[in-house]
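Enquirer: Take a look at the following structure, please.
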Amino acid sequence: MKLFIVILAVALGGCASKPQPPSWQPNARGALDGFTDAWLQGDTPAADAEFARARRETASTGRFDRVAQAELVRCAVRVAALEADCPGFAAIAADATPAQRAYAAYLGGRWQGLDASLLPEQHRPVLGGGPLAAVADPLARLVAAGALLQAGRITPADIGVAVDTASEQGWRRPLLAWLGVQEQRAQAAGDAAAVARIRKRIALASEE
């Protein structure tokens with residue numbers, strides 16, 4: 001019994017000595033996760049509410065870099081669904097870190113002279129011409145596809161990868177956006193059969 005008490009005391013002492021993260025961190029992380037899920041599913045009101053909460057939590061620190069990071073998450077998730085405007089980040093870009101500004105440039109397709117070492121690791125090979133399909137994380141893969149489109153470097157194979165990725169994850173908003181790109185390209189190529197197939201998929205994915 002004495003041994004058990006000693007072990008318990010040591011364990012509790014260890015727990016007590018481990019500092020807990022400030023509440024804004026898990027709150028902001030949870031809100032950003034909620035925003036991401038809602039946005040990818042196409043629930044704009046829920047996504048806006050979750051992001052507003054994330055913005056409040058990060059702004060409570062009074063640090064521009066933390067707010068900028070939240071804004072970049074929003075930018076990246078929007079780019080995955082081919083909505084590339086990022087006014088929230090643009091408003092505080094001057095106070096962001098060099099790495100944050102580099103990532104924003106990457107998302108916006110402004111790749112000329114961009115230092116790959118400043119980007120998140122999984123996006124560096126894409127900047128260097130690496131295959132989109134090699135990006136392991138599904139969301140990062142879609143973000144990279146959106147950045148490739150913005151940079152004018154997207155290929156038909158990349159578009160297919162983006163469609164398949166969104167489809168496999170059940171992410172309605174990016175799936176519809178990328179199917180729309182496929183439809184436009186099929187129309188431009190005069191491929192009526194492909195246009196018909198893609199429109200059937202769009203109709204199915206649009207069902208509530």
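Just remember, in the structure tokens the first chain shown is A, the second B, etc., residues are 1-based per chain, and ligands are 1-based in the order shown.
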Report as a VMD selection string all protein, DNA and RNA residues lying within 12 Å of range 118-129 of chain A, evaluated on only C-alpha atoms, omitting residues in the same chain fewer than 6 positions from it.

Expert: chain A and resid 72 76 97 to 107 109 to 112 135 to 149 151 153 to 155 158

Enquirer: Convert the current residue selection to file output with N, CA, C and O atoms, as a tab-separated table (two decimals), in the first residue's frame.

Expert:
chain	number	residue	atom	x	y	z
A	72	LEU	N	-4.31	32.20	-42.71
A	72	LEU	CA	-3.71	31.35	-43.74
A	72	LEU	C	-4.40	30.00	-43.82
A	72	LEU	O	-4.51	29.42	-44.91
A	76	ALA	N	-5.96	28.68	-47.25
A	76	ALA	CA	-5.59	27.39	-47.83
A	76	ALA	C	-6.82	26.53	-48.08
A	76	ALA	O	-6.95	25.91	-49.15
A	97	THR	N	4.90	36.93	-40.65
A	97	THR	CA	6.29	36.49	-40.76
A	97	THR	C	6.65	36.26	-42.22
A	97	THR	O	5.77	36.08	-43.08
A	98	PRO	N	7.95	36.23	-42.55
A	98	PRO	CA	8.35	35.94	-43.94
A	98	PRO	C	7.81	34.60	-44.43
A	98	PRO	O	7.40	34.48	-45.59
A	99	ALA	N	7.81	33.58	-43.57
A	99	ALA	CA	7.30	32.27	-43.97
A	99	ALA	C	5.80	32.35	-44.27
A	99	ALA	O	5.31	31.72	-45.22
A	100	GLN	N	5.07	33.12	-43.48
A	100	GLN	CA	3.63	33.27	-43.72
A	100	GLN	C	3.36	34.00	-45.03
A	100	GLN	O	2.47	33.63	-45.79
A	101	ARG	N	4.15	35.03	-45.31
A	101	ARG	CA	3.96	35.75	-46.57
A	101	ARG	C	4.33	34.86	-47.76
A	101	ARG	O	3.70	34.93	-48.82
A	102	ALA	N	5.35	34.02	-47.59
A	102	ALA	CA	5.74	33.10	-48.67
A	102	ALA	C	4.63	32.10	-48.94
A	102	ALA	O	4.32	31.80	-50.10
A	103	TYR	N	4.00	31.59	-47.90
A	103	TYR	CA	2.91	30.63	-48.08
A	103	TYR	C	1.73	31.29	-48.76
A	103	TYR	O	1.08	30.70	-49.63
A	104	ALA	N	1.44	32.53	-48.38
A	104	ALA	CA	0.34	33.26	-49.03
A	104	ALA	C	0.63	33.45	-50.51
A	104	ALA	O	-0.27	33.31	-51.36
A	105	ALA	N	1.89	33.76	-50.86
A	105	ALA	CA	2.27	33.91	-52.26
A	105	ALA	C	2.11	32.59	-53.01
A	105	ALA	O	1.65	32.55	-54.15
A	106	TYR	N	2.50	31.51	-52.37
A	106	TYR	CA	2.35	30.17	-52.97
A	106	TYR	C	0.89	29.87	-53.24
A	106	TYR	O	0.53	29.42	-54.33
A	107	LEU	N	0.03	30.13	-52.27
A	107	LEU	CA	-1.40	29.87	-52.43
A	107	LEU	C	-1.99	30.69	-53.57
A	107	LEU	O	-2.88	30.24	-54.28
A	109	GLY	N	-0.46	31.60	-56.24
A	109	GLY	CA	0.17	31.33	-57.53
A	109	GLY	C	1.28	32.29	-57.89
A	109	GLY	O	1.73	32.31	-59.04
A	110	ARG	N	1.77	33.06	-56.94
A	110	ARG	CA	2.85	34.01	-57.20
A	110	ARG	C	4.18	33.33	-56.86
A	110	ARG	O	4.77	33.55	-55.81
A	111	TRP	N	4.64	32.48	-57.76
A	111	TRP	CA	5.76	31.59	-57.47
A	111	TRP	C	7.11	32.12	-57.91
A	111	TRP	O	8.14	31.55	-57.56
A	112	GLN	N	7.13	33.16	-58.70
A	112	GLN	CA	8.38	33.67	-59.22
A	112	GLN	C	9.30	34.13	-58.09
A	112	GLN	O	8.93	35.00	-57.30
A	135	VAL	N	1.83	14.18	-52.73
A	135	VAL	CA	1.49	14.88	-51.48
A	135	VAL	C	0.59	13.95	-50.67
A	135	VAL	O	-0.52	13.63	-51.09
A	136	ALA	N	1.06	13.54	-49.50
A	136	ALA	CA	0.38	12.47	-48.76
A	136	ALA	C	-0.95	12.89	-48.16
A	136	ALA	O	-1.94	12.16	-48.22
A	137	ASP	N	-1.01	14.06	-47.57
A	137	ASP	CA	-2.22	14.50	-46.87
A	137	ASP	C	-3.27	14.95	-47.88
A	137	ASP	O	-2.98	15.79	-48.75
A	138	PRO	N	-4.50	14.44	-47.81
A	138	PRO	CA	-5.52	14.79	-48.81
A	138	PRO	C	-5.82	16.28	-48.91
A	138	PRO	O	-5.95	16.82	-50.00
A	139	LEU	N	-5.94	16.94	-47.75
A	139	LEU	CA	-6.25	18.37	-47.80
A	139	LEU	C	-5.07	19.15	-48.38
A	139	LEU	O	-5.26	20.04	-49.21
A	140	ALA	N	-3.86	18.82	-47.96
A	140	ALA	CA	-2.68	19.49	-48.51
A	140	ALA	C	-2.59	19.26	-50.02
A	140	ALA	O	-2.18	20.14	-50.77
A	141	ARG	N	-3.00	18.06	-50.47
A	141	ARG	CA	-2.98	17.76	-51.91
A	141	ARG	C	-3.93	18.67	-52.66
A	141	ARG	O	-3.60	19.19	-53.73
A	142	LEU	N	-5.12	18.88	-52.11
A	142	LEU	CA	-6.08	19.77	-52.75
A	142	LEU	C	-5.62	21.22	-52.71
A	142	LEU	O	-5.82	21.98	-53.67
A	143	VAL	N	-5.02	21.61	-51.61
A	143	VAL	CA	-4.47	22.97	-51.51
A	143	VAL	C	-3.39	23.16	-52.58
A	143	VAL	O	-3.36	24.19	-53.27
A	144	ALA	N	-2.51	22.17	-52.71
A	144	ALA	CA	-1.45	22.25	-53.72
A	144	ALA	C	-2.04	22.32	-55.13
A	144	ALA	O	-1.55	23.05	-55.99
A	145	ALA	N	-3.11	21.56	-55.36
A	145	ALA	CA	-3.77	21.60	-56.67
A	145	ALA	C	-4.31	23.00	-56.95
A	145	ALA	O	-4.17	23.53	-58.07
A	146	GLY	N	-4.93	23.61	-55.95
A	146	GLY	CA	-5.44	24.96	-56.12
A	146	GLY	C	-4.32	25.95	-56.39
A	146	GLY	O	-4.47	26.86	-57.22
A	147	ALA	N	-3.20	25.78	-55.71
A	147	ALA	CA	-2.06	26.66	-55.94
A	147	ALA	C	-1.50	26.47	-57.34
A	147	ALA	O	-1.11	27.44	-58.01
A	148	LEU	N	-1.45	25.22	-57.81
A	148	LEU	CA	-1.00	24.94	-59.18
A	148	LEU	C	-1.91	25.62	-60.19
A	148	LEU	O	-1.43	26.18	-61.19
A	149	LEU	N	-3.20	25.59	-59.95
A	149	LEU	CA	-4.14	26.24	-60.86
A	149	LEU	C	-3.91	27.75	-60.87
A	149	LEU	O	-3.89	28.38	-61.94
A	151	ALA	N	-1.19	29.25	-60.28
A	151	ALA	CA	0.10	29.53	-60.92
A	151	ALA	C	0.10	29.22	-62.41
A	151	ALA	O	1.09	29.47	-63.10
A	153	ARG	N	-0.04	26.20	-63.69
A	153	ARG	CA	0.80	25.02	-63.91
A	153	ARG	C	0.03	23.71	-63.78
A	153	ARG	O	0.63	22.64	-63.77
A	154	ILE	N	-1.28	23.78	-63.67
A	154	ILE	CA	-2.08	22.58	-63.47
A	154	ILE	C	-2.11	21.76	-64.77
A	154	ILE	O	-2.13	22.31	-65.86
A	155	THR	N	-2.10	20.44	-64.65
A	155	THR	CA	-2.20	19.55	-65.79
A	155	THR	C	-3.52	18.79	-65.71
A	155	THR	O	-4.14	18.72	-64.64
A	158	ASP	N	-3.37	16.37	-62.96
A	158	ASP	CA	-3.52	17.00	-61.65
A	158	ASP	C	-4.99	17.25	-61.33
A	158	ASP	O	-5.43	17.06	-60.19

Enquirer: Which one is closest to Ser206 in chain A: A:Thr36, A:Gln41, A:Asn27, A:Gln69? Count only C-alpha atoms.

Expert: A:Gln41

Enquirer: Using DSSP on the backbone coordinates, identify the residues of range 31-160 of chain A assigned to alpha helix (DSSP H); present them as a PyMOL selection string.

Expert: chain A and resi 31-41+44-59+64-80+87-90+98-107+124-127+138-151+156-160

Enquirer: Which residues are near Ser60 in chain A? Cut-off 9 Å, only C-alpha atoms, ignore same chain within fewer than 4 positions. Put them as a list in words.

Expert: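 What passes the distance filter is Trp24, Arg55 and Arg56 of chain A.
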
Enquirer: Mind checking which residues fall within 7 Å of Ala84 in chain A, counting only C-alpha atoms, ignoring those fewer than 4 positions away in the same chain, and posting them as a PDB file with N, CA and C atoms, in the first residue's frame?

Expert:
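The resulting file, part.pdb, is reproduced below:
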ATOM      1  N   CYS A  75      -7.346  30.735 -45.870  1.00  0.00           N
ATOM      2  CA  CYS A  75      -6.939  30.895 -47.267  1.00  0.00           C
ATOM      3  C   CYS A  75      -6.711  29.543 -47.923  1.00  0.00           C
ATOM      4  N   ARG A  78      -9.864  27.522 -48.543  1.00  0.00           N
ATOM      5  CA  ARG A  78     -10.624  28.123 -49.641  1.00  0.00           C
ATOM      6  C   ARG A  78      -9.960  27.817 -50.988  1.00  0.00           C
ATOM      7  N   VAL A  79      -8.642  27.884 -51.038  1.00  0.00           N
ATOM      8  CA  VAL A  79      -7.923  27.585 -52.277  1.00  0.00           C
ATOM      9  C   VAL A  79      -8.168  26.140 -52.705  1.00  0.00           C
ATOM     10  N   GLY A 108      -1.472  31.908 -53.732  1.00  0.00           N
ATOM     11  CA  GLY A 108      -1.981  32.794 -54.764  1.00  0.00           C
ATOM     12  C   GLY A 108      -1.354  32.592 -56.132  1.00  0.00           C
TER      13      GLY A 108
END
